[in-house]
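Okay, entry.txt is below, compact mmCIF, C-alpha atoms (C1' of nucleotides) and all ligand atoms:
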```
# COMPACT_ATOMS: atom_id res chain seq x y z
CA MET A 24 -121.00 -6.35 80.04
CA SER A 25 -121.79 -2.74 79.33
CA HIS A 26 -123.20 0.41 80.85
CA GLN A 27 -126.08 0.15 78.37
CA ARG A 28 -128.08 -1.60 81.06
CA TRP A 29 -128.94 1.75 82.61
CA ASP A 30 -130.55 4.44 80.65
CA TYR A 31 -127.83 6.80 81.72
CA ALA A 32 -128.90 9.30 79.06
CA ALA A 33 -132.37 9.65 80.54
CA LEU A 34 -130.86 9.72 84.01
CA MET A 35 -128.73 12.71 83.07
CA ARG A 36 -131.51 14.61 81.34
CA GLU A 37 -133.92 14.02 84.23
CA ARG A 38 -131.55 15.82 86.53
CA GLY A 39 -131.08 18.70 84.12
CA PHE A 40 -127.72 17.68 82.68
CA ARG A 41 -126.89 17.28 79.01
CA VAL A 42 -125.92 14.17 77.13
CA THR A 43 -122.88 15.11 75.07
CA PRO A 44 -120.72 12.99 72.75
CA GLN A 45 -117.78 13.55 75.13
CA ARG A 46 -119.71 12.10 78.06
CA GLN A 47 -120.73 9.06 76.02
CA LEU A 48 -117.19 8.48 74.79
CA ILE A 49 -115.82 8.73 78.32
CA LEU A 50 -118.44 6.35 79.68
CA ASP A 51 -117.61 3.93 76.85
CA ALA A 52 -113.90 4.22 77.60
CA ILE A 53 -114.43 3.34 81.27
CA CYS A 54 -116.57 0.37 80.21
CA GLU A 55 -113.98 -0.91 77.78
CA GLY A 56 -111.47 -1.05 80.61
CA GLY A 57 -113.61 -3.69 82.32
CA GLY A 58 -112.20 -2.98 85.79
CA HIS A 59 -110.24 -0.08 87.20
CA THR A 60 -109.18 2.54 84.70
CA THR A 61 -106.91 5.57 85.15
CA PRO A 62 -107.76 9.02 83.80
CA GLU A 63 -104.84 8.70 81.39
CA GLU A 64 -106.21 5.42 79.99
CA VAL A 65 -109.60 7.03 79.55
CA TYR A 66 -107.96 9.96 77.80
CA GLU A 67 -106.08 7.68 75.39
CA ARG A 68 -109.15 5.62 74.51
CA VAL A 69 -111.32 8.67 73.98
CA ARG A 70 -108.66 10.41 71.95
CA ALA A 71 -108.32 7.36 69.69
CA LYS A 72 -111.92 7.87 68.61
CA SER A 73 -112.12 11.62 68.87
CA PRO A 74 -108.76 13.42 69.06
CA ALA A 75 -110.18 16.86 69.75
CA VAL A 76 -111.45 16.02 73.24
CA ASN A 77 -109.54 17.98 75.83
CA ARG A 78 -107.84 16.61 78.95
CA ALA A 79 -109.75 19.02 81.17
CA THR A 80 -112.99 17.53 79.87
CA ILE A 81 -111.82 14.07 80.93
CA TYR A 82 -111.23 15.18 84.52
CA ARG A 83 -114.37 17.27 84.75
CA THR A 84 -116.47 14.45 83.31
CA LEU A 85 -114.99 11.79 85.60
CA ASP A 86 -115.92 13.99 88.59
CA PHE A 87 -119.34 14.55 87.10
CA LEU A 88 -119.99 10.83 86.58
CA CYS A 89 -118.90 10.13 90.16
CA GLU A 90 -121.34 12.73 91.48
CA LEU A 91 -124.10 11.09 89.45
CA ARG A 92 -122.93 7.81 90.98
CA LEU A 93 -122.68 6.18 87.55
CA VAL A 94 -118.97 5.76 88.25
CA VAL A 95 -116.98 5.08 91.40
CA ALA A 96 -113.42 6.19 92.12
CA ALA A 97 -110.67 5.14 94.49
CA ASP A 98 -107.18 6.27 95.36
CA VAL A 99 -105.13 3.08 95.11
CA GLY A 100 -102.01 4.63 96.62
CA ASN A 101 -99.54 7.36 95.67
CA ARG A 102 -102.53 9.52 94.79
CA ARG A 103 -103.24 7.40 91.72
CA MET A 104 -106.97 7.44 91.05
CA VAL A 105 -108.87 4.64 89.33
CA TYR A 106 -112.40 4.81 87.97
CA GLU A 107 -114.92 2.11 87.31
CA ILE A 108 -118.56 1.75 86.26
CA ALA A 109 -120.69 1.58 89.43
CA GLY A 110 -122.19 -1.90 89.76
CA ASP A 111 -125.54 -2.76 91.31
CA THR A 112 -123.89 -3.44 94.69
CA PRO A 113 -120.86 -1.49 95.91
CA HIS A 114 -117.57 -3.29 96.50
CA HIS A 115 -114.31 -2.30 98.14
CA HIS A 116 -110.62 -3.13 97.89
CA LEU A 117 -107.57 -4.27 99.83
CA VAL A 118 -104.33 -2.84 98.45
CA CYS A 119 -100.98 -4.41 99.39
CA ARG A 120 -98.39 -1.79 100.30
CA THR A 121 -95.54 -4.07 99.26
CA CYS A 122 -96.53 -5.75 95.99
CA GLY A 123 -99.36 -3.40 95.06
CA LYS A 124 -101.84 -6.20 94.49
CA VAL A 125 -105.48 -5.12 94.63
CA GLU A 126 -108.02 -7.57 96.06
CA GLN A 127 -111.75 -7.08 96.25
CA ILE A 128 -114.02 -7.28 99.30
CA SER A 129 -117.79 -7.15 99.53
CA HIS A 130 -119.83 -4.29 100.86
CA GLU A 131 -121.23 -6.80 103.33
CA THR A 132 -117.84 -6.92 105.05
CA VAL A 133 -117.61 -3.19 105.76
CA LYS A 134 -121.31 -2.49 106.32
CA ALA A 135 -121.12 -3.28 110.03
CA LEU A 136 -118.51 -0.57 110.57
CA PHE A 137 -120.57 2.05 108.74
CA ALA A 138 -123.62 1.09 110.81
CA LYS A 139 -121.64 1.36 114.03
CA ILE A 140 -120.43 4.85 113.09
CA GLU A 141 -123.99 5.86 112.23
CA ARG A 142 -125.17 4.65 115.65
CA GLU A 143 -122.31 6.06 117.71
CA GLN A 144 -121.62 9.38 115.99
CA GLU A 145 -124.74 10.00 113.88
CA PHE A 146 -122.40 10.31 110.90
CA THR A 147 -123.59 8.67 107.65
CA VAL A 148 -120.63 7.12 105.88
CA ASP A 149 -121.53 6.70 102.21
CA MET A 150 -118.38 5.30 100.62
CA ASP A 151 -119.14 2.94 97.78
CA HIS A 152 -115.56 2.14 96.75
CA LEU A 153 -113.19 2.20 99.70
CA ALA A 154 -109.51 1.23 99.48
CA LEU A 155 -107.84 -0.23 102.58
CA PHE A 156 -104.05 -0.60 102.68
CA GLY A 157 -101.97 -3.27 104.33
CA LEU A 158 -100.11 -6.49 103.61
CA CYS A 159 -101.37 -9.36 101.49
CA PRO A 160 -100.86 -12.87 102.89
CA LYS A 161 -97.86 -13.55 100.68
CA CYS A 162 -96.03 -10.31 101.54
CA ARG A 163 -96.80 -10.67 105.21
CA ARG A 164 -95.30 -14.13 105.33
CA ALA A 165 -92.23 -12.82 103.48
CA GLU A 166 -91.92 -10.00 106.01
CA LEU A 167 -92.16 -12.37 108.99
CA ARG A 168 -89.49 -14.61 107.47
CA GLY A 169 -87.24 -11.59 106.88
CA LYS A 170 -87.46 -10.45 110.50
CA ARG A 171 -86.10 -13.70 111.95
CA MET B 20 -96.49 18.65 123.30
CA SER B 21 -93.59 17.78 121.12
CA HIS B 22 -92.00 15.03 119.07
CA GLN B 23 -89.02 15.17 121.42
CA ARG B 24 -90.58 12.31 123.35
CA TRP B 25 -89.21 9.84 120.80
CA ASP B 26 -85.59 9.67 120.02
CA TYR B 27 -86.42 10.03 116.36
CA ALA B 28 -82.77 10.80 115.56
CA ALA B 29 -81.59 7.46 116.89
CA LEU B 30 -84.53 5.78 115.19
CA MET B 31 -83.44 7.15 111.83
CA ARG B 32 -79.76 6.30 112.26
CA GLU B 33 -80.55 2.76 113.42
CA ARG B 34 -82.25 2.10 110.15
CA GLY B 35 -79.42 3.55 108.11
CA PHE B 36 -80.96 6.95 107.40
CA ARG B 37 -79.36 10.30 108.06
CA VAL B 38 -80.48 13.01 110.45
CA THR B 39 -80.37 16.25 108.48
CA PRO B 40 -81.31 19.80 109.47
CA GLN B 41 -84.07 19.71 106.85
CA ARG B 42 -85.65 16.64 108.42
CA GLN B 43 -85.54 18.21 111.86
CA LEU B 44 -87.05 21.47 110.62
CA ILE B 45 -89.85 19.62 108.85
CA LEU B 46 -90.61 17.49 111.89
CA ASP B 47 -90.69 20.68 114.00
CA ALA B 48 -93.00 22.35 111.51
CA ILE B 49 -95.47 19.46 111.67
CA CYS B 50 -95.34 19.58 115.46
CA GLU B 51 -95.99 23.31 115.57
CA GLY B 52 -99.19 22.77 113.60
CA GLY B 53 -100.60 20.74 116.49
CA GLY B 54 -103.08 18.84 114.33
CA HIS B 55 -103.40 18.33 110.60
CA THR B 56 -100.95 20.30 108.51
CA THR B 57 -100.72 20.72 104.74
CA PRO B 58 -97.45 20.46 102.79
CA GLU B 59 -97.74 24.16 101.98
CA GLU B 60 -98.00 25.07 105.67
CA VAL B 61 -94.97 22.94 106.41
CA TYR B 62 -93.13 24.64 103.56
CA GLU B 63 -93.96 28.11 104.89
CA ARG B 64 -92.92 27.30 108.45
CA VAL B 65 -89.67 25.69 107.37
CA ARG B 66 -88.89 28.49 104.96
CA ALA B 67 -89.41 31.06 107.71
CA LYS B 68 -86.47 29.55 109.58
CA SER B 69 -84.39 28.37 106.66
CA PRO B 70 -85.33 29.93 103.31
CA ALA B 71 -83.04 27.75 101.20
CA VAL B 72 -84.98 24.53 101.79
CA ASN B 73 -86.53 23.35 98.55
CA ARG B 74 -90.15 22.39 97.97
CA ALA B 75 -89.13 18.98 96.62
CA THR B 76 -87.41 18.27 99.92
CA ILE B 77 -90.63 18.97 101.78
CA TYR B 78 -92.57 16.40 99.75
CA ARG B 79 -89.80 13.79 99.81
CA THR B 80 -89.36 14.20 103.55
CA LEU B 81 -93.08 13.99 104.29
CA ASP B 82 -93.17 10.67 102.40
CA PHE B 83 -90.05 9.54 104.22
CA LEU B 84 -91.48 10.36 107.65
CA CYS B 85 -94.67 8.49 106.78
CA GLU B 86 -92.68 5.42 105.80
CA LEU B 87 -90.86 5.61 109.14
CA ARG B 88 -94.30 5.93 110.73
CA LEU B 89 -93.24 9.02 112.65
CA VAL B 90 -95.94 10.87 110.72
CA VAL B 91 -99.35 9.87 109.41
CA ALA B 92 -101.09 11.27 106.34
CA ALA B 93 -104.63 11.40 105.01
CA ASP B 94 -106.41 12.65 101.94
CA VAL B 95 -109.24 14.77 103.36
CA GLY B 96 -110.97 15.17 100.00
CA ASN B 97 -110.20 16.84 96.67
CA ARG B 98 -106.77 15.22 96.89
CA ARG B 99 -105.76 17.57 99.70
CA MET B 100 -103.24 15.79 101.92
CA VAL B 101 -102.76 16.54 105.60
CA TYR B 102 -99.90 15.34 107.79
CA GLU B 103 -99.67 14.90 111.52
CA ILE B 104 -97.22 13.51 114.09
CA ALA B 105 -98.10 9.86 114.76
CA GLY B 106 -99.48 9.55 118.28
CA ASP B 107 -99.15 6.56 120.58
CA THR B 108 -102.53 5.23 119.45
CA PRO B 109 -103.79 5.65 115.91
CA HIS B 110 -106.98 7.59 115.24
CA HIS B 111 -109.16 8.07 112.18
CA HIS B 112 -111.49 10.65 110.66
CA LEU B 113 -114.96 11.24 109.30
CA VAL B 114 -115.06 13.88 106.55
CA CYS B 115 -118.33 15.51 105.53
CA ARG B 116 -118.71 15.68 101.76
CA THR B 117 -120.97 18.72 102.01
CA CYS B 118 -119.47 21.06 104.62
CA GLY B 119 -115.98 19.53 104.71
CA LYS B 120 -115.97 19.21 108.49
CA VAL B 121 -113.46 16.68 109.82
CA GLU B 122 -114.38 14.68 112.92
CA GLN B 123 -112.20 12.20 114.75
CA ILE B 124 -112.95 8.57 115.60
CA SER B 125 -110.98 6.13 117.72
CA HIS B 126 -109.01 3.20 116.45
CA GLU B 127 -111.23 1.10 118.69
CA THR B 128 -114.16 1.81 116.39
CA VAL B 129 -112.53 0.48 113.23
CA LYS B 130 -110.47 -2.32 114.83
CA ALA B 131 -113.28 -4.86 114.53
CA LEU B 132 -113.41 -4.41 110.75
CA PHE B 133 -109.67 -4.87 110.38
CA ALA B 134 -109.83 -8.02 112.51
CA LYS B 135 -112.67 -9.40 110.43
CA ILE B 136 -110.69 -8.83 107.22
CA GLU B 137 -107.67 -10.52 108.78
CA ARG B 138 -109.81 -13.53 109.68
CA GLU B 139 -111.75 -13.79 106.45
CA GLN B 140 -109.12 -12.88 103.85
CA GLU B 141 -105.81 -13.24 105.68
CA PHE B 142 -105.09 -9.66 104.67
CA THR B 143 -103.47 -7.45 107.35
CA VAL B 144 -104.92 -3.96 107.14
CA ASP B 145 -102.47 -1.56 108.77
CA MET B 146 -104.02 1.86 108.26
CA ASP B 147 -103.28 4.20 111.13
CA HIS B 148 -105.06 7.30 109.81
CA LEU B 149 -108.08 6.42 107.73
CA ALA B 150 -110.49 9.02 106.29
CA LEU B 151 -114.11 7.99 105.76
CA PHE B 152 -116.42 10.24 103.73
CA GLY B 153 -120.11 10.83 104.18
CA LEU B 154 -122.57 13.29 105.69
CA CYS B 155 -122.30 14.88 109.11
CA PRO B 156 -125.50 14.98 111.21
CA LYS B 157 -126.18 18.63 110.39
CA CYS B 158 -125.77 18.24 106.62
CA ARG B 159 -127.79 15.05 106.55
CA ARG B 160 -130.71 16.72 108.30
CA ALA B 161 -130.48 19.61 105.84
CA GLU B 162 -130.51 17.16 102.95
CA LEU B 163 -133.57 15.32 104.27
CA ARG B 164 -135.39 18.60 104.71
CA GLY B 165 -134.49 19.63 101.15
CA LYS B 166 -135.90 16.44 99.64
CA ARG B 167 -139.40 16.97 100.99
C1' DG C 10 -137.45 23.09 61.93
C1' DC C 11 -135.64 27.41 64.48
C1' DA C 12 -134.11 30.42 68.07
C1' DG C 13 -132.96 31.45 72.82
C1' DT C 14 -130.72 29.98 76.94
C1' DA C 15 -127.74 28.03 79.85
C1' DA C 16 -124.76 23.94 80.33
C1' DT C 17 -120.63 22.29 78.55
C1' DT C 18 -116.38 22.40 76.12
C1' DG C 19 -111.67 23.83 74.55
C1' DC C 20 -108.06 26.67 75.34
C1' DA C 21 -104.61 28.88 77.98
C1' DT C 22 -102.78 29.11 82.22
C1' DC C 23 -101.80 28.01 86.95
C1' DT C 24 -100.90 25.12 90.91
C1' DG C 25 -99.15 21.40 93.49
C1' DT C 26 -96.31 17.33 93.11
C1' DT C 27 -92.82 14.34 91.06
C1' DC C 28 -88.39 13.19 88.85
C1' DG C 29 -83.50 12.92 87.00
C1' DC C 30 -79.25 14.50 87.90
C1' DA C 31 -75.21 16.76 89.68
C1' DA C 32 -73.58 18.94 93.97
C1' DT C 33 -73.54 18.55 98.96
C1' DA C 34 -72.92 16.73 103.37
C1' DG C 35 -73.93 13.00 107.16
C1' DC C 36 -71.85 9.25 109.16
C1' DG C 37 -68.68 5.34 110.07
C1' DG C 38 -64.03 3.89 110.07
C1' DA C 39 -59.01 4.84 110.01
C1' DT D 7 -59.57 14.77 113.03
C1' DC D 8 -59.79 13.60 108.45
C1' DC D 9 -61.53 10.59 104.49
C1' DG D 10 -64.47 8.13 101.57
C1' DC D 11 -68.83 6.39 100.64
C1' DT D 12 -73.37 7.14 99.49
C1' DA D 13 -77.77 9.15 101.24
C1' DT D 14 -79.77 13.39 100.69
C1' DT D 15 -80.44 17.84 98.78
C1' DG D 16 -81.32 21.68 95.42
C1' DC D 17 -82.25 22.67 90.96
C1' DG D 18 -84.68 22.57 86.61
C1' DA D 19 -87.95 20.62 84.08
C1' DA D 20 -91.84 17.56 83.47
C1' DC D 21 -96.18 16.23 85.02
C1' DA D 22 -101.12 15.59 86.40
C1' DG D 23 -104.93 17.98 87.57
C1' DA D 24 -107.72 22.30 88.39
C1' DT D 25 -109.63 26.73 86.88
C1' DG D 26 -111.36 31.15 84.52
C1' DC D 27 -113.16 32.53 80.41
C1' DA D 28 -115.00 32.86 75.84
C1' DA D 29 -116.87 29.93 72.15
C1' DT D 30 -119.78 26.10 71.30
C1' DT D 31 -123.84 23.28 71.46
C1' DA D 32 -127.69 20.36 73.68
C1' DC D 33 -132.00 21.03 74.99
C1' DT D 34 -136.72 23.55 75.45
C1' DG D 35 -140.61 25.75 73.66
C1' DC D 36 -142.57 27.76 69.87
MN MN A 201 -113.30 -1.58 92.22
MN MN A 202 -105.68 13.00 112.32
ZN ZN A 203 -98.35 -8.14 98.61
ZN ZN A 204 -121.45 18.56 106.98
```

Just give me the structure as structure tokens.
Ligand SMILES: [Mn+2]
Ligand SMILES: [Mn+2]
Ligand SMILES: [Zn+2]
Ligand SMILES: [Zn+2]
Amino acid sequence: MSHQRWDYAALMRERGFRVTPQRQLILDAICEGGGHTTPEEVYERVRAKSPAVNRATIYRTLDFLCELRLVVAADVGNRRMVYEIAGDTPHHHLVCRTCGKVEQISHETVKALFAKIEREQEFTVDMDHLALFGLCPKCRRAELRGKR
Amino acid sequence: MSHQRWDYAALMRERGFRVTPQRQLILDAICEGGGHTTPEEVYERVRAKSPAVNRATIYRTLDFLCELRLVVAADVGNRRMVYEIAGDTPHHHLVCRTCGKVEQISHETVKALFAKIEREQEFTVDMDHLALFGLCPKCRRAELRGKR
DNA sequence: GCAGTAATTGCATCTGTTCGCAATAGCGGA
DNA sequence: TCCGCTATTGCGAACAGATGCAATTACTGC
């Protein structure tokens, strides 16, 4: 699996942005991760191939790729951000507060809520990578047992 | 309105935590704000009354109060955190990506989603101060106009 | 190919937040 | 009321992330 399936280079140029080696390296680094990747992981992978790339460029480029919607981000707790190549359909996550496990849920599941908010408040929610916090089945059972 | 309606001091002691002047000052400072308050605002208010209190204490105490669920937090974009006294019923927010306006929505609105997730994945979502991002009516209309 | 232009980068610096550690001070028990 | 235990604090330093600016460089049109 790779980001090569979009012509991201053309996509950038179309909108008046430039295709730089840094941007390609960073996109590659996110791809290599497969799933969620932290800025620090991206930095390390990029730096392995091209040590001169600056940390500031990593952060600016991650923001840039999110704005282009080539990449999605989420805060998975304790203000730790993770980045990921944007798939064809959005997906979301459930993060356990106790064990930290991250599960995935479909966009289908949350769509109804976004539609309701659109109807009731005229507000267009456009989150394509939401993180919801709570307790996973295992930790919840452990908590119930503990309370008795 | 004030946090005096709970016996937060007893609540802390019950659970084996200590009631310190710093914690009381910080709780007061959040109260004074009325609504959403940033760590820096808390710091300023506390420091006005007691200049020796350290910044690290502010951050540690805000986390602590969130864990006790006396206070709720939310990232309202660009990793800016806001804190607020936890009310009797939770509420949530809609944050406009363009103008930054923050609206409020009831827990009622999102409850159905949490219940569905509980049913379908056995995962207990327990968020009491969610922030959803998107476009407010005004900005969305502006955007539509711009695209033509 | 080459030059002009503006987007992008690297660098230096700043800000907000976290962390380890030693000093302080709540709280429970004598 | 005093004592001892340990939770909490202040301090200093580390840290991630953002920002202003000058140097670089990708793209456009010739
Ligand atoms: Mn994901
Ligand atoms: Mn709120
Ligand atoms: Zn868990
Ligand atoms: Zn708006």

Lay chain B over chain A using all C-alpha atoms, matched one to one in order, with a least-squares fit; then write it out as a CSV table (one decimal) with C-alpha atoms, in the frame of the given file.
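As a result, selection18.csv now contains:
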```
chain,number,residue,atom,x,y,z
B,20,MET,CA,-121.3,-6.2,79.9
B,21,SER,CA,-122.1,-2.6,79.3
B,22,HIS,CA,-123.4,0.6,80.9
B,23,GLN,CA,-126.4,0.4,78.4
B,24,ARG,CA,-128.4,-1.3,81.1
B,25,TRP,CA,-129.1,2.1,82.7
B,26,ASP,CA,-130.7,4.8,80.8
B,27,TYR,CA,-127.9,7.1,81.9
B,28,ALA,CA,-128.9,9.7,79.2
B,29,ALA,CA,-132.4,10.1,80.8
B,30,LEU,CA,-130.8,10.1,84.2
B,31,MET,CA,-128.6,13.0,83.3
B,32,ARG,CA,-131.4,15.0,81.6
B,33,GLU,CA,-133.7,14.5,84.5
B,34,ARG,CA,-131.3,16.2,86.8
B,35,GLY,CA,-130.8,19.1,84.4
B,36,PHE,CA,-127.5,18.0,82.9
B,37,ARG,CA,-126.7,17.6,79.2
B,38,VAL,CA,-125.9,14.4,77.3
B,39,THR,CA,-122.8,15.3,75.2
B,40,PRO,CA,-120.8,13.1,72.8
B,41,GLN,CA,-117.8,13.6,75.2
B,42,ARG,CA,-119.7,12.2,78.1
B,43,GLN,CA,-120.8,9.2,76.1
B,44,LEU,CA,-117.3,8.5,74.8
B,45,ILE,CA,-115.9,8.7,78.3
B,46,LEU,CA,-118.5,6.4,79.7
B,47,ASP,CA,-117.8,3.9,76.9
B,48,ALA,CA,-114.1,4.2,77.5
B,49,ILE,CA,-114.6,3.3,81.2
B,50,CYS,CA,-116.8,0.4,80.2
B,51,GLU,CA,-114.2,-1.0,77.7
B,52,GLY,CA,-111.7,-1.2,80.5
B,53,GLY,CA,-113.8,-3.8,82.3
B,54,GLY,CA,-112.4,-3.1,85.7
B,55,HIS,CA,-110.3,-0.2,87.1
B,56,THR,CA,-109.2,2.4,84.6
B,57,THR,CA,-106.9,5.3,85.0
B,58,PRO,CA,-107.7,8.8,83.6
B,59,GLU,CA,-104.8,8.4,81.1
B,60,GLU,CA,-106.3,5.2,79.8
B,61,VAL,CA,-109.7,6.9,79.4
B,62,TYR,CA,-108.0,9.7,77.6
B,63,GLU,CA,-106.2,7.4,75.2
B,64,ARG,CA,-109.3,5.4,74.4
B,65,VAL,CA,-111.4,8.5,73.9
B,66,ARG,CA,-108.8,10.2,71.8
B,67,ALA,CA,-108.6,7.1,69.6
B,68,LYS,CA,-112.2,7.7,68.5
B,69,SER,CA,-112.3,11.5,68.8
B,70,PRO,CA,-108.9,13.2,68.9
B,71,ALA,CA,-110.2,16.7,69.6
B,72,VAL,CA,-111.4,15.9,73.2
B,73,ASN,CA,-109.4,17.8,75.7
B,74,ARG,CA,-107.7,16.4,78.8
B,75,ALA,CA,-109.5,18.8,81.0
B,76,THR,CA,-112.8,17.4,79.8
B,77,ILE,CA,-111.7,13.9,80.8
B,78,TYR,CA,-111.0,15.0,84.4
B,79,ARG,CA,-114.1,17.2,84.7
B,80,THR,CA,-116.3,14.4,83.3
B,81,LEU,CA,-114.8,11.7,85.6
B,82,ASP,CA,-115.7,13.9,88.6
B,83,PHE,CA,-119.1,14.6,87.1
B,84,LEU,CA,-119.8,10.9,86.6
B,85,CYS,CA,-118.7,10.2,90.2
B,86,GLU,CA,-121.1,12.8,91.5
B,87,LEU,CA,-123.9,11.2,89.5
B,88,ARG,CA,-122.8,7.9,91.0
B,89,LEU,CA,-122.6,6.3,87.6
B,90,VAL,CA,-118.9,5.8,88.3
B,91,VAL,CA,-116.9,5.1,91.4
B,92,ALA,CA,-113.3,6.1,92.1
B,93,ALA,CA,-110.5,5.1,94.4
B,94,ASP,CA,-107.0,6.1,95.2
B,95,VAL,CA,-105.0,2.9,95.0
B,96,GLY,CA,-101.9,4.4,96.5
B,97,ASN,CA,-99.4,7.1,95.5
B,98,ARG,CA,-102.3,9.3,94.6
B,99,ARG,CA,-103.1,7.1,91.6
B,100,MET,CA,-106.8,7.3,90.9
B,101,VAL,CA,-108.8,4.5,89.2
B,102,TYR,CA,-112.4,4.7,87.9
B,103,GLU,CA,-114.9,2.0,87.3
B,104,ILE,CA,-118.6,1.8,86.3
B,105,ALA,CA,-120.7,1.6,89.5
B,106,GLY,CA,-122.2,-1.9,89.8
B,107,ASP,CA,-125.5,-2.8,91.3
B,108,THR,CA,-123.8,-3.5,94.6
B,109,PRO,CA,-120.8,-1.6,95.9
B,110,HIS,CA,-117.5,-3.4,96.5
B,111,HIS,CA,-114.3,-2.4,98.1
B,112,HIS,CA,-110.6,-3.1,97.9
B,113,LEU,CA,-107.5,-4.2,99.9
B,114,VAL,CA,-104.3,-2.8,98.5
B,115,CYS,CA,-100.9,-4.2,99.5
B,116,ARG,CA,-98.4,-1.6,100.4
B,117,THR,CA,-95.5,-3.8,99.4
B,118,CYS,CA,-96.4,-5.5,96.1
B,119,GLY,CA,-99.3,-3.2,95.2
B,120,LYS,CA,-101.7,-6.1,94.6
B,121,VAL,CA,-105.4,-5.0,94.7
B,122,GLU,CA,-107.9,-7.5,96.1
B,123,GLN,CA,-111.6,-7.1,96.2
B,124,ILE,CA,-113.9,-7.3,99.3
B,125,SER,CA,-117.7,-7.3,99.5
B,126,HIS,CA,-119.8,-4.5,100.8
B,127,GLU,CA,-121.2,-7.0,103.3
B,128,THR,CA,-117.8,-7.1,105.0
B,129,VAL,CA,-117.6,-3.3,105.7
B,130,LYS,CA,-121.4,-2.7,106.3
B,131,ALA,CA,-121.2,-3.5,110.0
B,132,LEU,CA,-118.6,-0.8,110.5
B,133,PHE,CA,-120.7,1.8,108.7
B,134,ALA,CA,-123.8,0.8,110.7
B,135,LYS,CA,-121.9,1.1,114.0
B,136,ILE,CA,-120.7,4.6,113.0
B,137,GLU,CA,-124.3,5.5,112.1
B,138,ARG,CA,-125.5,4.3,115.5
B,139,GLU,CA,-122.7,5.8,117.6
B,140,GLN,CA,-122.0,9.1,115.9
B,141,GLU,CA,-125.1,9.7,113.8
B,142,PHE,CA,-122.8,10.0,110.8
B,143,THR,CA,-123.9,8.4,107.6
B,144,VAL,CA,-120.9,6.9,105.8
B,145,ASP,CA,-121.7,6.5,102.1
B,146,MET,CA,-118.5,5.1,100.6
B,147,ASP,CA,-119.2,2.8,97.7
B,148,HIS,CA,-115.6,2.0,96.7
B,149,LEU,CA,-113.3,2.1,99.7
B,150,ALA,CA,-109.5,1.2,99.5
B,151,LEU,CA,-107.9,-0.2,102.6
B,152,PHE,CA,-104.1,-0.5,102.7
B,153,GLY,CA,-102.0,-3.1,104.4
B,154,LEU,CA,-100.1,-6.3,103.7
B,155,CYS,CA,-101.2,-9.2,101.6
B,156,PRO,CA,-100.7,-12.7,103.0
B,157,LYS,CA,-97.6,-13.3,100.8
B,158,CYS,CA,-95.9,-10.1,101.7
B,159,ARG,CA,-96.7,-10.4,105.3
B,160,ARG,CA,-95.1,-13.9,105.5
B,161,ALA,CA,-92.0,-12.5,103.7
B,162,GLU,CA,-91.8,-9.7,106.2
B,163,LEU,CA,-92.0,-12.0,109.2
B,164,ARG,CA,-89.3,-14.2,107.7
B,165,GLY,CA,-87.1,-11.2,107.1
B,166,LYS,CA,-87.4,-10.1,110.7
B,167,ARG,CA,-85.9,-13.3,112.2
```

*Write as a PyMOL selection string the residues around ligand MN 201 (chain A), taking 8 Å as the cut-off and counting all atoms listed in the file.*
chain A and resi 58-59+95-97+106-107+114-116+127+152

*Select all residues from chain B having any atom no more than 8 Å from an atom of chain D (counting all atoms listed in the file, ignoring ligands), output as an NGL selection string.*
:B and (36-37 or 72-73 or 76)

Write as an mmCIF file with C-alpha atoms, in the frame of the given file the residues around ligand ZN 203 (chain A), taking 7 Å as the cut-off and counting all atoms listed in the file.
```
data_model
loop_
_atom_site.group_PDB
_atom_site.id
_atom_site.type_symbol
_atom_site.label_atom_id
_atom_site.label_comp_id
_atom_site.auth_asym_id
_atom_site.auth_seq_id
_atom_site.Cartn_x
_atom_site.Cartn_y
_atom_site.Cartn_z
ATOM 1 C CA CYS A 119 -100.980 -4.410 99.390
ATOM 2 C CA ARG A 120 -98.390 -1.790 100.300
ATOM 3 C CA THR A 121 -95.540 -4.070 99.260
ATOM 4 C CA CYS A 122 -96.530 -5.750 95.990
ATOM 5 C CA GLY A 123 -99.360 -3.400 95.060
ATOM 6 C CA LYS A 124 -101.840 -6.200 94.490
ATOM 7 C CA LEU A 158 -100.110 -6.490 103.610
ATOM 8 C CA CYS A 159 -101.370 -9.360 101.490
ATOM 9 C CA PRO A 160 -100.860 -12.870 102.890
ATOM 10 C CA LYS A 161 -97.860 -13.550 100.680
ATOM 11 C CA CYS A 162 -96.030 -10.310 101.540
#
```

At most 10 Å to chain C: residues in chain B, all atoms listed in the file, as a PDB file with C-alpha atoms, in the coordinates of the input:
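Output below, filename iface_14.pdb:
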```
ATOM      1  CA  ARG B  32     -79.760   6.300 112.260  1.00  0.00           C
ATOM      2  CA  GLY B  35     -79.420   3.550 108.110  1.00  0.00           C
ATOM      3  CA  PHE B  36     -80.960   6.950 107.400  1.00  0.00           C
ATOM      4  CA  ARG B  37     -79.360  10.300 108.060  1.00  0.00           C
ATOM      5  CA  VAL B  38     -80.480  13.010 110.450  1.00  0.00           C
ATOM      6  CA  THR B  39     -80.370  16.250 108.480  1.00  0.00           C
ATOM      7  CA  PRO B  58     -97.450  20.460 102.790  1.00  0.00           C
ATOM      8  CA  GLU B  59     -97.740  24.160 101.980  1.00  0.00           C
ATOM      9  CA  ARG B  74     -90.150  22.390  97.970  1.00  0.00           C
ATOM     10  CA  ALA B  75     -89.130  18.980  96.620  1.00  0.00           C
ATOM     11  CA  TYR B  78     -92.570  16.400  99.750  1.00  0.00           C
ATOM     12  CA  ARG B  79     -89.800  13.790  99.810  1.00  0.00           C
ATOM     13  CA  ARG B  99    -105.760  17.570  99.700  1.00  0.00           C
TER      14      ARG B  99
END
```
